[in-house]
>>> print(open('input12.tsv').read())   # TSV, C-alpha atoms
chain	number	residue	atom	x	y	z
G	1	MET	CA	-31.11	3.92	-16.06
G	2	PRO	CA	-32.38	2.11	-12.91
G	3	PHE	CA	-31.02	3.21	-9.55
G	4	GLN	CA	-29.80	1.19	-6.57
G	5	LYS	CA	-30.50	2.53	-3.11
G	6	PHE	CA	-28.64	1.51	0.04
G	7	GLN	CA	-29.37	2.32	3.68
G	8	SER	CA	-27.32	1.15	6.66
G	9	ASP	CA	-26.55	1.97	10.29
G	10	GLU	CA	-23.96	4.46	9.05
G	11	ILE	CA	-22.66	5.75	5.74
G	12	PHE	CA	-19.03	6.81	5.50
G	13	THR	CA	-18.74	9.24	2.60
G	14	GLY	CA	-14.95	9.19	2.39
G	15	TYR	CA	-14.85	12.28	4.60
G	16	GLU	CA	-17.51	11.89	7.31
G	17	LEU	CA	-19.85	9.41	8.96
G	18	LEU	CA	-23.57	9.92	8.42
G	19	GLY	CA	-26.31	8.33	10.52
G	20	SER	CA	-28.97	5.79	9.59
G	21	GLY	CA	-31.36	8.39	8.19
G	22	TYR	CA	-29.43	8.68	4.93
G	23	VAL	CA	-29.63	6.67	1.70
G	24	LEU	CA	-26.88	6.19	-0.89
G	25	ILE	CA	-28.14	6.19	-4.48
G	26	THR	CA	-26.11	4.82	-7.40
G	27	ASN	CA	-26.90	3.66	-10.91
G	28	GLU	CA	-26.62	-0.02	-11.89
G	29	GLU	CA	-22.90	0.36	-12.66
G	30	GLY	CA	-22.18	1.86	-9.26
G	31	GLU	CA	-21.82	5.49	-10.32
G	32	VAL	CA	-22.81	7.70	-7.39
G	33	ASP	CA	-25.89	9.85	-7.94
G	34	ALA	CA	-26.55	11.26	-4.47
G	35	ILE	CA	-26.83	10.74	-0.74
G	36	VAL	CA	-30.27	11.87	0.43
G	37	MET	CA	-32.47	11.71	3.49
G	38	GLU	CA	-34.62	8.58	3.73
G	39	GLN	CA	-37.86	10.50	3.21
G	40	ASP	CA	-36.54	11.79	-0.12
G	41	ALA	CA	-35.26	8.45	-1.42
G	42	GLY	CA	-38.49	6.85	-2.57
G	43	ASP	CA	-39.02	3.09	-2.48
G	44	ASN	CA	-36.96	-0.05	-3.20
G	45	ILE	CA	-34.32	0.78	-0.59
G	46	GLN	CA	-31.92	-2.08	0.26
G	47	LYS	CA	-31.44	-2.02	4.04
G	48	VAL	CA	-28.26	-3.55	5.48
G	49	ARG	CA	-26.45	-3.55	8.83
G	50	GLY	CA	-23.00	-2.01	9.27
G	51	ILE	CA	-21.07	0.82	7.66
G	52	LEU	CA	-21.48	1.57	3.97
G	53	SER	CA	-18.11	2.72	2.67
G	54	PRO	CA	-16.47	3.57	-0.63
G	55	GLY	CA	-14.21	0.81	-1.93
G	56	LEU	CA	-11.11	0.26	0.19
G	57	ILE	CA	-7.59	1.18	-0.95
G	58	ASN	CA	-4.68	-1.15	-0.13
G	59	CYS	CA	-1.58	0.99	-0.56
G	60	HIS	CA	1.00	-1.71	0.15
G	61	CYS	CA	0.90	-5.38	-0.78
G	62	HIS	CA	3.20	-8.04	-2.28
G	63	LEU	CA	0.73	-10.14	-4.26
G	64	GLU	CA	3.56	-12.24	-5.69
G	65	LEU	CA	4.37	-13.57	-2.19
G	66	SER	CA	0.89	-15.02	-1.62
G	67	HIS	CA	2.31	-18.55	-1.73
G	68	LEU	CA	4.09	-17.83	1.58
G	69	LYS	CA	0.81	-17.86	3.52
G	70	ASN	CA	1.39	-19.71	6.81
G	71	VAL	CA	4.98	-20.54	5.78
G	72	ILE	CA	6.87	-18.03	7.97
G	73	PRO	CA	5.76	-18.10	11.64
G	74	PRO	CA	4.79	-14.88	13.44
G	75	HIS	CA	7.11	-12.88	15.69
G	76	THR	CA	10.43	-13.96	14.20
G	77	GLY	CA	11.72	-10.40	14.12
G	78	LEU	CA	12.45	-8.57	10.89
G	79	ILE	CA	15.94	-9.88	10.12
G	80	GLU	CA	14.93	-13.54	10.47
G	81	PHE	CA	11.77	-12.79	8.52
G	82	LEU	CA	13.73	-11.29	5.59
G	83	CYS	CA	16.11	-14.23	5.56
G	84	SER	CA	13.11	-16.56	5.34
G	85	VAL	CA	11.53	-14.62	2.47
G	86	VAL	CA	14.78	-14.67	0.51
G	87	THR	CA	15.36	-18.41	1.01
G	88	LYS	CA	11.76	-19.64	0.59
G	89	ARG	CA	10.87	-18.30	-2.84
G	90	ASN	CA	11.63	-21.41	-4.93
G	91	PHE	CA	8.08	-22.74	-5.12
G	92	ASP	CA	6.47	-24.54	-8.02
G	93	PRO	CA	5.32	-21.80	-10.47
G	94	ALA	CA	1.89	-23.41	-10.64
G	95	VAL	CA	1.52	-23.09	-6.85
G	96	ILE	CA	2.65	-19.45	-6.99
G	97	GLN	CA	0.05	-18.64	-9.66
G	98	ASP	CA	-2.72	-20.48	-7.83
G	99	GLU	CA	-2.07	-18.54	-4.62
G	100	ILE	CA	-1.90	-15.23	-6.51
G	101	VAL	CA	-5.31	-15.96	-8.03
G	102	LYS	CA	-6.82	-16.74	-4.62
G	103	ALA	CA	-5.33	-13.65	-2.98
G	104	GLU	CA	-6.54	-11.34	-5.76
G	105	LYS	CA	-10.06	-12.76	-5.44
G	106	GLU	CA	-9.99	-12.35	-1.66
G	107	MET	CA	-9.11	-8.67	-1.95
G	108	TRP	CA	-11.79	-8.03	-4.59
G	109	ASP	CA	-14.48	-9.86	-2.61
G	110	ASN	CA	-13.73	-7.92	0.58
G	111	GLY	CA	-14.02	-4.58	-1.19
G	112	ILE	CA	-10.48	-3.56	-2.12
G	113	VAL	CA	-10.68	-1.57	-5.37
G	114	ALA	CA	-7.08	-0.38	-5.80
G	115	VAL	CA	-3.70	-1.71	-4.68
G	116	GLY	CA	-0.18	-0.34	-4.55
G	117	ASP	CA	1.55	-3.65	-5.20
G	118	ILE	CA	5.24	-4.48	-4.87
G	119	GLY	CA	6.82	-6.90	-7.31
G	120	ASN	CA	10.38	-8.04	-8.00
G	121	THR	CA	9.05	-10.22	-10.83
G	122	ALA	CA	6.20	-10.18	-13.35
G	123	ASP	CA	4.59	-13.25	-11.72
G	124	THR	CA	1.38	-11.30	-11.08
G	125	ALA	CA	1.08	-9.82	-14.56
G	126	ASP	CA	-1.38	-12.31	-16.06
G	127	VAL	CA	-3.72	-12.20	-13.06
G	128	LYS	CA	-3.66	-8.40	-13.02
G	129	SER	CA	-4.46	-8.28	-16.74
G	130	LYS	CA	-7.86	-9.86	-15.92
G	131	SER	CA	-8.43	-8.20	-12.54
G	132	LYS	CA	-11.20	-5.72	-11.76
G	133	ILE	CA	-8.91	-4.12	-9.18
G	134	ARG	CA	-6.74	-1.17	-10.20
G	135	TRP	CA	-3.04	-1.79	-9.67
G	136	HIS	CA	-0.09	0.52	-9.27
G	137	ASN	CA	2.82	-1.85	-9.82
G	138	PHE	CA	5.83	-0.82	-7.77
G	139	VAL	CA	8.60	-2.74	-9.55
G	140	GLU	CA	11.05	-3.04	-6.71
G	141	VAL	CA	14.77	-2.69	-7.43
G	142	LEU	CA	17.44	-4.39	-5.30
G	143	GLY	CA	21.11	-3.68	-5.96
G	144	PHE	CA	23.79	-3.78	-3.29
G	145	THR	CA	26.71	-2.40	-5.31
G	146	ASP	CA	27.34	0.50	-7.66
G	147	GLU	CA	29.35	-1.77	-9.96
G	148	LYS	CA	26.23	-3.69	-11.00
G	149	ALA	CA	23.78	-0.78	-10.86
G	150	GLU	CA	23.05	-0.61	-14.60
G	151	GLU	CA	22.90	-4.39	-14.94
G	152	ASN	CA	20.45	-4.72	-12.05
G	153	LEU	CA	18.33	-1.86	-13.30
G	154	ALA	CA	18.07	-3.46	-16.75
G	155	LEU	CA	16.69	-6.61	-15.12
G	156	TYR	CA	13.95	-4.72	-13.31
G	157	GLN	CA	13.27	-2.58	-16.36
G	158	SER	CA	12.32	-5.79	-18.18
G	159	VAL	CA	9.77	-6.49	-15.43
G	160	LEU	CA	8.43	-2.94	-15.78
G	161	ASP	CA	8.16	-3.44	-19.54
G	162	ARG	CA	6.03	-6.54	-18.98
G	163	PHE	CA	3.56	-4.59	-16.85
G	164	ASN	CA	3.55	-1.70	-19.33
G	165	GLU	CA	2.76	-4.17	-22.11
G	166	ILE	CA	-0.40	-5.13	-20.23
G	167	ARG	CA	-1.23	-1.45	-19.73
G	168	SER	CA	-0.89	-0.82	-23.48
G	169	ARG	CA	-3.28	-3.66	-24.25
G	170	SER	CA	-5.91	-2.26	-21.87
G	171	LEU	CA	-5.52	1.21	-23.36
G	172	SER	CA	-6.36	-0.20	-26.79
G	173	GLY	CA	-9.38	-2.11	-25.48
G	174	PRO	CA	-12.82	-0.94	-24.32
G	175	LYS	CA	-12.73	1.98	-21.91
G	176	THR	CA	-14.11	0.68	-18.63
G	177	ASP	CA	-12.52	3.38	-16.47
G	178	PRO	CA	-12.46	7.17	-16.82
G	179	ASP	CA	-8.77	7.13	-17.71
G	180	GLY	CA	-9.14	4.08	-19.96
G	181	TYR	CA	-6.98	1.65	-17.97
G	182	ARG	CA	-6.40	0.35	-14.48
G	183	ASP	CA	-2.71	-0.32	-14.12
G	184	ARG	CA	0.23	2.02	-13.68
G	185	SER	CA	3.82	1.02	-13.01
G	186	SER	CA	7.04	2.57	-11.73
G	187	LEU	CA	10.53	1.50	-10.70
G	188	VAL	CA	11.08	1.88	-6.96
G	189	PRO	CA	13.91	1.23	-4.48
G	190	HIS	CA	13.31	-1.68	-2.12
G	191	ALA	CA	14.88	-0.32	1.07
G	192	PRO	CA	17.90	1.62	2.36
G	193	TYR	CA	19.61	-1.69	3.21
G	194	SER	CA	19.34	-3.08	-0.35
G	195	VAL	CA	19.99	-0.21	-2.77
G	196	SER	CA	23.40	1.29	-3.59
G	197	PRO	CA	24.01	5.05	-4.00
G	198	LYS	CA	24.32	4.83	-7.79
G	199	THR	CA	21.16	2.73	-8.01
G	200	PHE	CA	19.30	5.35	-5.97
G	201	ARG	CA	20.52	8.10	-8.31
G	202	LEU	CA	19.47	6.17	-11.42
G	203	ILE	CA	16.00	5.52	-9.97
G	204	ASN	CA	15.68	9.22	-9.18
G	205	GLN	CA	16.43	10.07	-12.81
G	206	LEU	CA	13.91	7.55	-14.13
G	207	THR	CA	10.97	8.47	-11.87
G	208	LYS	CA	10.44	12.20	-12.36
G	209	ASN	CA	6.98	13.18	-11.03
G	210	GLN	CA	6.06	9.52	-10.49
G	211	VAL	CA	4.56	7.71	-7.52
G	212	ILE	CA	7.18	5.47	-5.90
G	213	SER	CA	7.70	3.67	-2.58
G	214	ILE	CA	10.45	2.57	-0.21
G	215	HIS	CA	10.41	0.40	2.91
G	216	ASN	CA	11.48	2.65	5.77
G	217	GLN	CA	12.89	2.10	9.27
G	218	GLU	CA	11.35	-1.30	9.94
G	219	HIS	CA	14.09	-2.21	12.43
G	220	PRO	CA	16.72	-0.32	14.51
G	221	ALA	CA	19.47	-2.13	12.57
G	222	GLU	CA	18.58	-0.05	9.52
G	223	ASP	CA	19.78	3.11	11.21
G	224	GLU	CA	22.76	1.29	12.71
G	225	LEU	CA	23.83	0.21	9.23
G	226	TYR	CA	24.23	3.83	8.13
G	227	LYS	CA	25.54	5.15	11.43
G	228	THR	CA	28.26	2.54	11.99
G	229	GLY	CA	28.36	0.10	9.06
G	230	GLY	CA	27.48	-2.79	11.39
G	231	GLY	CA	24.43	-4.46	12.87
G	232	ASP	CA	22.09	-7.33	12.23
G	233	TYR	CA	21.63	-6.68	8.51
G	234	LEU	CA	25.07	-8.18	7.93
G	235	LYS	CA	23.41	-11.57	8.46
G	236	LEU	CA	21.06	-10.89	5.56
G	237	PHE	CA	23.90	-9.68	3.32
G	238	LYS	CA	25.77	-12.97	3.75
G	239	ILE	CA	22.94	-14.81	2.00
G	240	PHE	CA	23.80	-12.73	-1.07
G	241	GLY	CA	27.55	-13.35	-0.67
G	242	VAL	CA	28.25	-9.89	0.75
G	243	ASN	CA	30.44	-10.07	3.86
G	244	GLN	CA	30.38	-6.45	4.95
G	245	SER	CA	28.10	-3.48	4.50
G	246	PRO	CA	28.38	-2.13	0.94
G	247	PHE	CA	26.70	1.14	1.92
G	248	PRO	CA	28.35	4.41	2.92
G	249	VAL	CA	28.63	5.15	6.63
G	250	THR	CA	26.99	8.55	6.97
G	251	GLY	CA	26.63	8.77	10.74
G	252	LYS	CA	22.94	9.55	10.13
G	253	SER	CA	19.72	7.55	10.21
G	254	SER	CA	18.73	5.62	7.10
G	255	ILE	CA	15.98	8.05	6.08
G	256	ARG	CA	18.36	11.03	6.35
G	257	SER	CA	20.94	9.10	4.34
G	258	CYS	CA	18.65	7.98	1.51
G	259	LEU	CA	15.79	10.47	1.05
G	260	PRO	CA	18.25	13.12	-0.28
G	261	TYR	CA	18.83	10.96	-3.37
G	262	PHE	CA	15.37	12.10	-4.50
G	263	ASN	CA	14.67	15.59	-5.84
G	264	ASN	CA	12.59	14.99	-8.95
G	265	GLY	CA	9.02	15.79	-7.89
G	266	GLN	CA	8.17	12.25	-6.78
G	267	THR	CA	5.35	11.19	-4.51
G	268	ILE	CA	7.09	8.77	-2.15
G	269	PHE	CA	5.32	6.16	-0.04
G	270	LEU	CA	7.30	5.49	3.14
G	271	ILE	CA	6.29	1.96	4.07
G	272	HIS	CA	5.99	0.58	7.64
G	273	ASN	CA	8.02	3.25	9.55
G	274	THR	CA	7.91	0.99	12.60
G	275	TYR	CA	10.92	2.52	14.34
G	276	MET	CA	10.79	6.06	12.94
G	277	PRO	CA	11.62	8.62	15.67
G	278	GLU	CA	9.94	12.01	15.90
G	279	GLU	CA	13.06	13.92	14.86
G	280	ASP	CA	13.21	11.94	11.61
G	281	ILE	CA	9.52	12.53	10.90
G	282	SER	CA	10.04	16.27	11.30
G	283	TRP	CA	13.22	16.23	9.20
G	284	ALA	CA	11.67	14.15	6.40
G	285	ASN	CA	8.63	16.41	6.12
G	286	SER	CA	10.84	19.50	5.98
G	287	TYR	CA	13.14	17.95	3.37
G	288	ALA	CA	10.16	16.97	1.21
G	289	THR	CA	8.65	20.45	1.36
G	290	GLU	CA	11.95	22.13	0.52
G	291	ASN	CA	12.69	19.78	-2.39
G	292	GLY	CA	9.31	19.43	-4.09
G	293	LEU	CA	8.52	15.91	-2.90
G	294	LYS	CA	5.29	14.56	-1.44
G	295	LEU	CA	5.55	12.00	1.36
G	296	ILE	CA	2.87	9.40	2.08
G	297	TYR	CA	3.17	7.40	5.30
G	298	CYS	CA	1.79	3.88	4.79
G	299	LEU	CA	0.79	1.93	7.89
G	300	CYS	CA	0.55	-1.88	7.85
G	301	PRO	CA	-0.21	-2.59	11.53
G	302	ASN	CA	-1.06	-6.28	11.28
G	303	ALA	CA	2.15	-6.99	9.36
G	304	ASN	CA	4.13	-5.08	11.98
G	305	LEU	CA	2.46	-7.13	14.71
G	306	TYR	CA	3.07	-10.35	12.75
G	307	ILE	CA	6.79	-9.71	12.32
G	308	GLU	CA	7.94	-7.57	15.25
G	309	ASN	CA	4.87	-7.49	17.52
G	310	ARG	CA	5.18	-3.72	17.42
G	311	VAL	CA	3.37	-0.90	15.62
G	312	PRO	CA	4.65	2.46	14.34
G	313	PRO	CA	4.23	5.72	16.29
G	314	ILE	CA	0.90	6.70	14.74
G	315	GLU	CA	0.35	9.46	17.27
G	316	LEU	CA	3.54	11.19	16.06
G	317	PHE	CA	2.50	11.00	12.41
G	318	ILE	CA	-0.81	12.62	13.31
G	319	LYS	CA	0.96	15.27	15.41
G	320	HIS	CA	3.13	16.24	12.45
G	321	GLY	CA	0.26	16.32	9.94
G	322	CYS	CA	1.52	13.37	7.88
G	323	GLN	CA	-0.58	12.00	5.03
G	324	LEU	CA	-1.56	8.52	6.28
G	325	VAL	CA	-2.76	5.51	4.27
G	326	LEU	CA	-3.15	1.80	4.98
G	327	GLY	CA	-1.72	-1.41	3.53
G	328	THR	CA	-1.86	-5.11	4.27
G	329	ASP	CA	1.67	-6.15	3.24
G	330	SER	CA	1.75	-9.73	1.93
G	331	TYR	CA	0.58	-13.15	3.01
G	332	SER	CA	4.15	-13.81	4.13
G	333	SER	CA	3.49	-11.38	7.00
G	334	ASN	CA	-0.24	-11.21	7.60
G	335	TRP	CA	-3.14	-13.46	8.57
G	336	GLN	CA	-5.41	-11.98	5.87
G	337	LEU	CA	-5.48	-9.34	3.12
G	338	SER	CA	-8.18	-7.10	4.59
G	339	ILE	CA	-8.09	-3.33	4.99
G	340	ALA	CA	-11.04	-3.59	7.40
G	341	LYS	CA	-8.82	-5.70	9.68
G	342	GLU	CA	-6.11	-3.01	9.50
G	343	VAL	CA	-8.69	-0.43	10.60
G	344	GLN	CA	-9.67	-2.71	13.48
G	345	ALA	CA	-6.04	-3.21	14.54
G	346	ILE	CA	-5.50	0.53	14.92
G	347	LEU	CA	-8.79	1.23	16.69
G	348	ALA	CA	-8.16	-1.65	19.13
G	349	MET	CA	-4.97	-0.06	20.51
G	350	PRO	CA	-5.69	2.12	23.58
G	351	ARG	CA	-2.60	4.29	22.96
G	352	PHE	CA	-4.22	5.67	19.78
G	353	ALA	CA	-7.74	6.16	21.18
G	354	THR	CA	-7.25	9.86	21.90
G	355	VAL	CA	-5.64	10.71	18.55
G	356	ALA	CA	-7.40	8.59	15.90
G	357	THR	CA	-11.18	8.30	15.51
G	358	LEU	CA	-13.09	5.81	13.36
G	359	THR	CA	-13.64	8.59	10.84
G	360	ASP	CA	-9.91	9.32	10.70
G	361	VAL	CA	-8.91	5.71	10.08
G	362	LEU	CA	-11.63	5.17	7.47
G	363	LYS	CA	-10.27	8.22	5.64
G	364	TRP	CA	-6.85	6.59	5.58
G	365	ALA	CA	-8.50	3.46	4.13
G	366	THR	CA	-10.40	5.28	1.38
G	367	ILE	CA	-9.96	8.86	0.18
G	368	ASN	CA	-6.39	9.25	1.46
G	369	GLY	CA	-5.31	6.11	-0.36
G	370	ALA	CA	-7.12	7.15	-3.53
G	371	LYS	CA	-5.43	10.57	-3.47
G	372	ALA	CA	-2.02	9.08	-2.75
G	373	LEU	CA	-2.29	6.68	-5.70
G	374	GLN	CA	-3.79	9.51	-7.80
G	375	TRP	CA	-7.10	7.76	-8.50
G	376	ASP	CA	-9.29	10.10	-6.47
G	377	ASN	CA	-10.98	11.30	-9.66
G	378	ASP	CA	-13.06	8.13	-9.45
G	379	LEU	CA	-12.28	6.30	-6.20
G	380	GLY	CA	-12.20	6.97	-2.47
G	381	SER	CA	-15.46	8.81	-1.76
G	382	PHE	CA	-19.19	8.89	-2.47
G	383	GLU	CA	-19.28	11.96	-4.69
G	384	LYS	CA	-21.60	12.42	-7.66
G	385	GLY	CA	-20.20	10.89	-10.82
G	386	LYS	CA	-17.59	8.71	-9.10
G	387	ARG	CA	-17.58	4.90	-9.21
G	388	PRO	CA	-15.71	4.07	-6.02
G	389	GLY	CA	-17.36	0.72	-5.28
G	390	VAL	CA	-19.75	0.16	-2.39
G	391	VAL	CA	-18.53	-1.90	0.55
G	392	LEU	CA	-20.31	-3.03	3.70
G	393	ILE	CA	-18.15	-3.16	6.84
G	394	ASP	CA	-19.31	-5.22	9.83
G	395	LYS	CA	-18.14	-3.37	12.97
G	396	ASN	CA	-18.69	-6.41	15.20
G	397	TYR	CA	-16.20	-8.64	13.39
G	398	TRP	CA	-14.43	-6.05	11.20
G	399	THR	CA	-15.10	-7.96	8.05
G	400	SER	CA	-16.02	-6.34	4.75
G	401	ARG	CA	-17.81	-7.43	1.62
G	402	ARG	CA	-18.45	-5.87	-1.74
G	403	LEU	CA	-21.99	-4.76	-2.62
G	404	ILE	CA	-21.00	-3.13	-5.93
>>> encode(input="input12.tsv", output="structure tokens")
Amino acid sequence: MPFQKFQSDEIFTGYELLGSGYVLITNEEGEVDAIVMEQDAGDNIQKVRGILSPGLINCHCHLELSHLKNVIPPHTGLIEFLCSVVTKRNFDPAVIQDEIVKAEKEMWDNGIVAVGDIGNTADTADVKSKSKIRWHNFVEVLGFTDEKAEENLALYQSVLDRFNEIRSRSLSGPKTDPDGYRDRSSLVPHAPYSVSPKTFRLINQLTKNQVISIHNQEHPAEDELYKTGGGDYLKLFKIFGVNQSPFPVTGKSSIRSCLPYFNNGQTIFLIHNTYMPEEDISWANSYATENGLKLIYCLCPNANLYIENRVPPIELFIKHGCQLVLGTDSYSSNWQLSIAKEVQAILAMPRFATVATLTDVLKWATINGAKALQWDNDLGSFEKGKRPGVVLIDKNYWTSRRLI
């Protein structure tokens, strides 16, 4: 089988940066054969400028919200942003599908090979059934009250069933991936401010040993809700006809109030973490270790800047040895769906210059994401036999494009 050979200014293997003297060799289908020195590579080497990288992993997106591109202005603050998302979802279904198609293509073209994608609906199902990207569908459950917990869960179970139907079809078709299919799906809680205690407990029962996610500490009002029962989230609740907080007042932060609902071997993506204090990071890591959970901290810096003009305490996550990955969030809260731009956003912040190197952040964008989504058998690094995709990153403009 013919080989393809690539040489660039740098090659990022998934673990380290190599200089220009190395050549990446793959077969025609993109399966990695080797990385060798230039003098051992032979002829027909394709020479490009930039960083050669394994395919990029987007661990948090809302593809179904792609129609909200340029609809919600930047810097509204989280509460106003959420109110806008809730009240601006009644678009023409044809427009929604058209924007989903365009967003999926954008991610594929710029080298994203796997996505942890949030969905409250099955609007993205048809596009994903044809996509070359691998998808972990986080079917996001919202349910404010215990009284309607089973009813709400049945609604979201029907969405999960739709995604699983697509998975079953791909399993019965030609095997294009080592595990025979791309998509996986799981029920997940939306956030501490939208899921009742009983709903949390039911989700825990239904997700044993699964990969799930939850939005975490995006705004100080989230902690205030659990500490006092008050705060700015009451404005959001009124849109749903709820006039006071339906959640228990624990006197603790939201993460300390909600993480203990889980004890069933889950891998849990904590999303955003914009206002997560050091004491909660330490507590959450200890709770996870003691209770057989694995925590993944997902950073979406451009979305945080878009909404709150603030980023999470990355230096504290590094200090406490947290497993870090990257996400774009949705077009409702970002200027583009590009993991390369998320890498740029972190590296451009002087406060992180002494704690996060280019190699570190590229790991978060590749092998860390692949491991977190449990696709590192084939994605995330240039190792012999893997087919991770080959992406060229332009360090001048922080754009990326797919080569394979």
>>> closest_residue(input="input12.tsv", among="G:Thr366, G:Gly230, G:Gln244, G:Ser338", to="Phe382 of chain G", atoms="all atoms listed in the file")
G:Thr366
>>> atom_distance(input="input12.tsv", atom1="atom CA of His219 of chain G", atom2="atom CA of Val311 of chain G")
11.3 Å
>>> atom_distance(input="input12.tsv", atom1="atom CA of Thr207 of chain G", atom2="atom CA of Leu225 of chain G")
26.1 Å
>>> residues_around(input="input12.tsv", residues="His62 of chain G", least_positions_apart="4", cutoff="10 Å", atoms="only C-alpha atoms", output="PyMOL selection string")
chain G and resi 66+100+115-120+124+137-138+328-333
>>> atom_distance(input="input12.tsv", atom1="atom CA of Thr359 of chain G", atom2="atom CA of Phe12 of chain G")
7.8 Å
>>> closest_residue(input="input12.tsv", among="G:Ser186, G:Ser84, G:Asn58, G:Thr26", to="Ile239 of chain G", atoms="all atoms listed in the file")
G:Ser84
>>> residues_around(input="input12.tsv", residues="Lys371 of chain G", least_positions_apart="4", cutoff="12 Å", atoms="all atoms listed in the file", output="PyMOL selection string")
chain G and resi 14+57+59+114+211+267+294+296+323-325+363-367+375-381
>>> residues_near_point(input="input12.tsv", point="(-15.5, -5.6, 13.6)", cutoff="12 Å", atoms="all atoms listed in the file", output="PyMOL selection string")
chain G and resi 50-51+338-348+358+392-400
>>> closest_residue(input="input12.tsv", among="G:Glu383, G:Ile11, G:Val391, G:Cys83", to="Asp33 of chain G", atoms="all atoms listed in the file")
G:Glu383
>>> closest_residue(input="input12.tsv", among="G:Asn27, G:Thr87, G:Ser53, G:Ser129", to="Glu10 of chain G", atoms="all atoms listed in the file")
G:Ser53
>>> closest_residue(input="input12.tsv", among="G:Ile281, G:Ala125, G:Ile268, G:Val23", to="Leu63 of chain G", atoms="all atoms listed in the file")
G:Ala125
>>> closest_residue(input="input12.tsv", among="G:Arg402, G:Lys386, G:His215, G:Lys198", to="Glu31 of chain G", atoms="all atoms listed in the file")
G:Lys386
>>> residues_near_point(input="input12.tsv", point="(-13.0, -5.0, -2.2)", cutoff="7 Å", atoms="only C-alpha atoms", output="number ranges by chain")
G: 55-56, 107-113, 391, 401-402
>>> write_last_selection(input="input12.tsv", atoms="C-alpha atoms", output="PDB file, in the coordinates of the input")
ATOM      1  CA  GLY G  55     -14.210   0.810  -1.930  1.00  0.00           C
ATOM      2  CA  LEU G  56     -11.110   0.260   0.190  1.00  0.00           C
ATOM      3  CA  MET G 107      -9.110  -8.670  -1.950  1.00  0.00           C
ATOM      4  CA  TRP G 108     -11.790  -8.030  -4.590  1.00  0.00           C
ATOM      5  CA  ASP G 109     -14.480  -9.860  -2.610  1.00  0.00           C
ATOM      6  CA  ASN G 110     -13.730  -7.920   0.580  1.00  0.00           C
ATOM      7  CA  GLY G 111     -14.020  -4.580  -1.190  1.00  0.00           C
ATOM      8  CA  ILE G 112     -10.480  -3.560  -2.120  1.00  0.00           C
ATOM      9  CA  VAL G 113     -10.680  -1.570  -5.370  1.00  0.00           C
ATOM     10  CA  VAL G 391     -18.530  -1.900   0.550  1.00  0.00           C
ATOM     11  CA  ARG G 401     -17.810  -7.430   1.620  1.00  0.00           C
ATOM     12  CA  ARG G 402     -18.450  -5.870  -1.740  1.00  0.00           C
TER      13      ARG G 402
END
